[in-house]
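Worksheet: the structure to be examined is printed underneath.
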Amino acid sequence: MSTPARDMPRREGSFEREPARRVFAGELRECHYQFKDGEDEKSPTFVLLPTGERCNRVFIVGTLTEKTRQGEQNIFYRGRVVDPTGTFFVMAGSYQPEAMQQLAKIETPAFVAVIGKPNLYRKDEASAPMVSVRVESITIVDKDTRDIWVLDAAERTLDRINALRTGDSTDIVKAKEQYPTIDPAVFHRMAYDALAQIKM
Amino acid sequence: MDFSEAAERISRKFSKEGQPADKTKIEGKLKRLVQEFGVQPSEAERSVTNELAKEYNVPLPGAGPGTGKSSGGTEEKKIAEASPGEWVTFEGKVVALSAPASPAIAQSGILADESGAIRFVAWAKANAPAMTEGSWYRIESGVVDEYKGVANLKIHSGTTIKEISEDRTLIPTPIPVADLHPGIGGVRAKVVQEWEASHERMLQSGLLGDETGTIKFVIWKEPGREKLEVGGVYNIFYAQVDEFNGRLSLNLNGATVLQEEGDIPVSGGEAEFTGALVHVAPGSGIIKRCPVEGCNRALSRQNYCPVHEIQPKFVYDLRIKGWLDDGEKTHSILLQRDAVEALTGIDLAAAQEIAENNPLGMDEVFLQMRDKVLGRYVTCKGREIDNRLLVNTCEPKKFESAEHTNLLNRAGGAS
């Protein structure tokens with residue numbers, strides 16, 4: 001192994017990519033608070049999970065059950081990705097040409113892995129906020145990957161609930177303020193049900 | 001362990017200065033440092049001596065007989081204690097001399113004492129007597145300043161240099177690689193990699209490592225300098241630690257390098273991460289490399305090497321650059337050919353066949369590989385350098401029913 005040092009880009013040395021959170025559809029659906037970290041136009045946007053963690057990117061694995069092509073001039077694709085707890089709404093538009101081509105190619109139903117950015121939007125002023133995931137990439141995966149993801153998401157969810165009970169980070173404090181009516185025990189139960197759906 | 005002897009030594013030094021020094025108290029301090037804090041006895045003695053010296057406001061005794069008083073208006077210091085901008089008096093041994101980089105410099109090298117070492121430069125205009133390697137000198141009224149972020153002792157026309165008769169042997173303690181900082185440092189490390197020389201004046205460069213980390217090293221061509229042996233373990237004293245772009249490297253010209261028998265573990269940079277592959281970057285798949293010996297750079301689509309220009313006789317290679325994400329942290333990874341072949345099931349020959357015969361060419365290889373690995377859980381093992389994991393092995397993670405059971409138990413508990 002003799003990779004010359006010069007092959008390594010120095011730019012990336014200090015760059016920290018936002019991690020992709022593991023979150024069940026049943027929890028992501030409950031998000032209704034979104035914030036920016038910093039004043040800059042390019043500052044990252046986060047949705048706040050009810051279990052008290054900021055989330056700029058998600059990694060989800062589930063079944064793509066439906067996809068529709070929409071728009072005339074600006075084509076975009078919408079899809080529904082189902083996990084044991086509910087449905088993720090995903091979309092890819094012409095600003096994500098690669099993701100859109102990937103999504104366009106996949107025949108439903110299929111197990112898919114999606115990396116994307118969650119966003120809050122409202123149909124109109126009066127309606128409740130919805131969470132959709134803007135796809136960065138989507139690929140077909142096997143059932144094993146889906147099952148590993150359920151374990152991963154369950155473990156991360158339980159970890160977050162633990163931290164929520166004992167911790168006092170700014171995100172945890174904010175989550176308690178923003179989601180006063182949500183009982184984290186719901187997500188605990190949800191994680192158990194998701195695990196129980198996998199055949200032993 | 002008996003501390004009375006050391007306490008006696010310290011007490012005697014201070015009573016000579018006319019200061020009361022309670023032997024039992026000193027002994028207690030020594031005991032505490034050694035037994036509670038695991039400090040080396042010699043280090044404890046030094047630290048207690050320093051503490052008392054400060055308390056009584058007397059110059060440090062024990063730097064050698066009859067040198068308790070400083071002269072020339074500058075303070076006598078240990079080398080490790082000096083900071084830039086100070087006028088200093090040192091007693092130390094010239095442990096290395098190097099060729100002056102400019103006619104304005106008469107001599108340059110490294111001066112060391114028990115506490116550490118420092119580079120020195122004697123200006124030609126200073127008319128200082130030439131020092132010889134291996135001898136001890138008392139250097140009065142030198143100036144410590146900073147050059148390229150590293151402390152440096154300047155010998156100018158106001159500096160006096162006296163050879164002194166000393167034959168203390170200096171045995172510098174090696175510093176763990178992870179703790180090195182710019183200046184002069186010594187390590188006990190193994191040569192774990194040798195890189196192609198990137199400059200004609202360079203004799204050798206590569207990677208040295210011990211159990212705490214790895215560091216780049218370089219040796220420039222100079223009479224008498226020899227290459228290190230890959231896999232060899234070396235005691236390296238008085239090497240220059242440079243910083244460039246936030247990364248450290250060891251310059252071994254001027255250093256004392258002694259090879260030793262045996263082997264040491266190098267866990268430096270060894271890392272293992274499990275997570276999902278969340279991004280496969282452009283430039284992954286099949287690539288062309290510059291065929292010029294020692295270059296090996298990736299070529300552009302037009303077969304252009306940034307150094308050797310158009311290279312129609314390129315060689316093909318496989319790699320995957322991407323991000324591995326465990327949900328908390330994202331790691332930059334680089335898979336080289338072997339790991340790519342094992343993970344994707346596409347070997348170089350198959351990839352080349354696709355690249356040359358498919359209408360999409362090299363893009364098709366990228367797409368096929370991406371679809372095989374993106375969004376998959378894998379465990380990557382390798383060496384982490386500059387925040388990037390150079391992957392040796394990359395294996396798909398399997399579903400573990402034991403993990404499943406554990407999580408069910410955890411989730412089934414108090415809810």
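In the structure tokens, each chain is lettered A, B, ... as it comes, each chain's residues begin at 1, and ligands are numbered from 1 in order of appearance.
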
Residues of chain B within 6 Å of chain A, counting only C-alpha atoms, what are they? List them as a PyMOL selection string. chain B and resi 327-330+375+387+399+411+415

Output N, CA and C atoms for every residue in the selection just made, as a short mmCIF file (atom, residue, chain, number, x, y, z; two decimals), in the first residue's frame.
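Result saved to out-v8.cif:
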data_model
loop_
_atom_site.label_atom_id
_atom_site.label_comp_id
_atom_site.auth_asym_id
_atom_site.auth_seq_id
_atom_site.Cartn_x
_atom_site.Cartn_y
_atom_site.Cartn_z
N GLY B 327 -24.39 7.06 11.71
CA GLY B 327 -25.53 7.74 12.31
C GLY B 327 -25.11 8.83 13.29
N GLU B 328 -23.84 8.75 13.73
CA GLU B 328 -23.31 9.76 14.66
C GLU B 328 -22.20 10.55 13.98
N LYS B 329 -21.40 9.84 13.20
CA LYS B 329 -20.24 10.46 12.58
C LYS B 329 -20.06 9.88 11.19
N THR B 330 -19.54 10.70 10.31
CA THR B 330 -19.32 10.25 8.94
C THR B 330 -17.83 10.21 8.67
N GLY B 375 -25.70 2.54 0.11
CA GLY B 375 -26.81 2.20 1.01
C GLY B 375 -26.61 0.88 1.73
N ASN B 387 -7.71 12.20 8.46
CA ASN B 387 -9.17 12.08 8.53
C ASN B 387 -9.76 11.23 7.42
N PHE B 399 -26.66 -9.78 9.04
CA PHE B 399 -27.69 -9.69 10.06
C PHE B 399 -27.34 -10.65 11.18
N ALA B 411 -35.60 -3.25 24.33
CA ALA B 411 -36.81 -2.49 24.03
C ALA B 411 -38.01 -3.04 24.81
N SER B 415 -40.65 0.52 29.54
CA SER B 415 -40.97 1.41 28.43
C SER B 415 -41.72 2.64 28.93
#

Determine, counting only C-alpha atoms, which protein, DNA and RNA residues have an atom within 7 Å of an atom of A:Pro109; residues of the same chain fewer than 4 positions away are not included. Present the result as a ChimeraX atom specification. /A:63-65

Selection from above, C-alpha atoms, as a CSV table (one decimal), in the first residue's frame, can you write it?
chain,number,residue,atom,x,y,z
A,63,THR,CA,-40.0,-0.7,0.7
A,64,LEU,CA,-40.7,1.6,-2.2
A,65,THR,CA,-44.4,1.0,-2.7

So that I can check the secondary structure, give me every residue of chain A assigned helix (DSSP H, G or I) by backbone DSSP, as a count of residues only. 64

Any idea what's packed within 10 Å of B:Glu261, counting only C-alpha atoms, ignoring anything in its chain fewer than 3 positions away? Could you give it as JSON, numbers by chain? {"B": [232, 233, 234, 264]}

Measure the distance from atom CA of A:Glu72 to atom CA of A:Val135 in Å and round it to one decimal. 19.9 Å

How far is it from atom CA of B:Asp167 to atom CA of B:Ala44, in Å with one decimal? 23.3 Å

List the spatial neighbours of B:Gly382 as a ChimeraX atom specification - criterion: any atom at most 6 Å away, only C-alpha atoms, same-chain residues fewer than 6 positions off excluded. /B:270-271,390-392

Residues at most 7 Å from stretch 89-105 of chain B, counting only C-alpha atoms, excluding those fewer than 5 positions away in the same chain, as a ChimeraX atom specification? /B:74-79,110-113,121-124,132-142,254-255

Would you mind writing down, as a ChimeraX atom specification, each residue of stretch 9-169 of chain A that DSSP on the backbone assigns to strand (DSSP E or B)? /A:20-21,34-36,45-48,54-55,57-70,76-83,86-92,110-121,130-140

Output for the residues just chosen: C-alpha atoms as a short mmCIF file (atom, residue, chain, number, x, y, z; two decimals), in the first residue's frame:
data_model
loop_
_atom_site.label_atom_id
_atom_site.label_comp_id
_atom_site.auth_asym_id
_atom_site.auth_seq_id
_atom_site.Cartn_x
_atom_site.Cartn_y
_atom_site.Cartn_z
CA ALA A 20 -27.39 10.60 8.38
CA ARG A 21 -29.69 9.89 11.33
CA GLN A 34 -37.13 23.18 11.78
CA PHE A 35 -34.19 25.54 12.39
CA LYS A 36 -31.00 26.86 10.88
CA THR A 45 -31.04 23.36 8.12
CA PHE A 46 -32.12 20.84 10.72
CA VAL A 47 -35.41 19.32 11.70
CA LEU A 48 -35.62 18.59 15.39
CA ARG A 54 -31.07 17.59 15.34
CA CYS A 55 -31.25 15.99 11.96
CA ARG A 57 -29.80 14.08 6.85
CA VAL A 58 -31.45 10.68 7.21
CA PHE A 59 -30.60 7.17 6.15
CA ILE A 60 -33.69 5.04 5.71
CA VAL A 61 -34.27 1.55 4.34
CA GLY A 62 -37.75 0.35 3.51
CA THR A 63 -40.04 -0.71 0.72
CA LEU A 64 -40.68 1.63 -2.15
CA THR A 65 -44.38 0.99 -2.70
CA GLU A 66 -45.36 3.80 -5.03
CA LYS A 67 -43.78 6.38 -7.22
CA THR A 68 -45.33 9.07 -9.34
CA ARG A 69 -43.94 11.44 -11.89
CA GLN A 70 -45.21 14.98 -11.57
CA PHE A 76 -40.02 15.55 -10.31
CA TYR A 77 -40.70 12.19 -8.75
CA ARG A 78 -42.50 11.44 -5.52
CA GLY A 79 -42.33 8.11 -3.76
CA ARG A 80 -43.55 6.37 -0.66
CA VAL A 81 -41.08 4.32 1.34
CA VAL A 82 -42.62 2.13 4.00
CA ASP A 83 -40.92 0.89 7.17
CA GLY A 86 -45.19 4.09 8.84
CA THR A 87 -44.42 5.86 5.60
CA PHE A 88 -41.68 8.22 4.49
CA PHE A 89 -42.53 10.65 1.70
CA VAL A 90 -39.56 11.05 -0.57
CA MET A 91 -39.03 13.26 -3.58
CA ALA A 92 -36.39 14.00 -6.17
CA ALA A 110 -38.57 -2.93 -3.94
CA PHE A 111 -36.41 -2.66 -0.85
CA VAL A 112 -34.56 0.62 -1.15
CA ALA A 113 -31.94 2.51 0.82
CA VAL A 114 -32.47 6.26 0.76
CA ILE A 115 -30.05 8.96 1.82
CA GLY A 116 -31.68 12.34 1.87
CA LYS A 117 -32.50 15.58 3.61
CA PRO A 118 -35.69 15.98 5.61
CA ASN A 119 -37.74 19.12 5.00
CA LEU A 120 -40.89 20.53 6.54
CA TYR A 121 -43.55 21.95 4.30
CA MET A 130 -45.54 17.55 6.67
CA VAL A 131 -42.08 16.04 6.51
CA SER A 132 -40.69 14.96 3.18
CA VAL A 133 -37.24 13.67 2.36
CA ARG A 134 -35.38 15.18 -0.56
CA VAL A 135 -33.46 12.25 -2.01
CA GLU A 136 -29.69 12.49 -2.44
CA SER A 137 -29.46 8.89 -3.54
CA ILE A 138 -31.67 5.84 -3.68
CA THR A 139 -30.56 2.29 -4.48
CA ILE A 140 -32.18 -1.13 -4.48
#
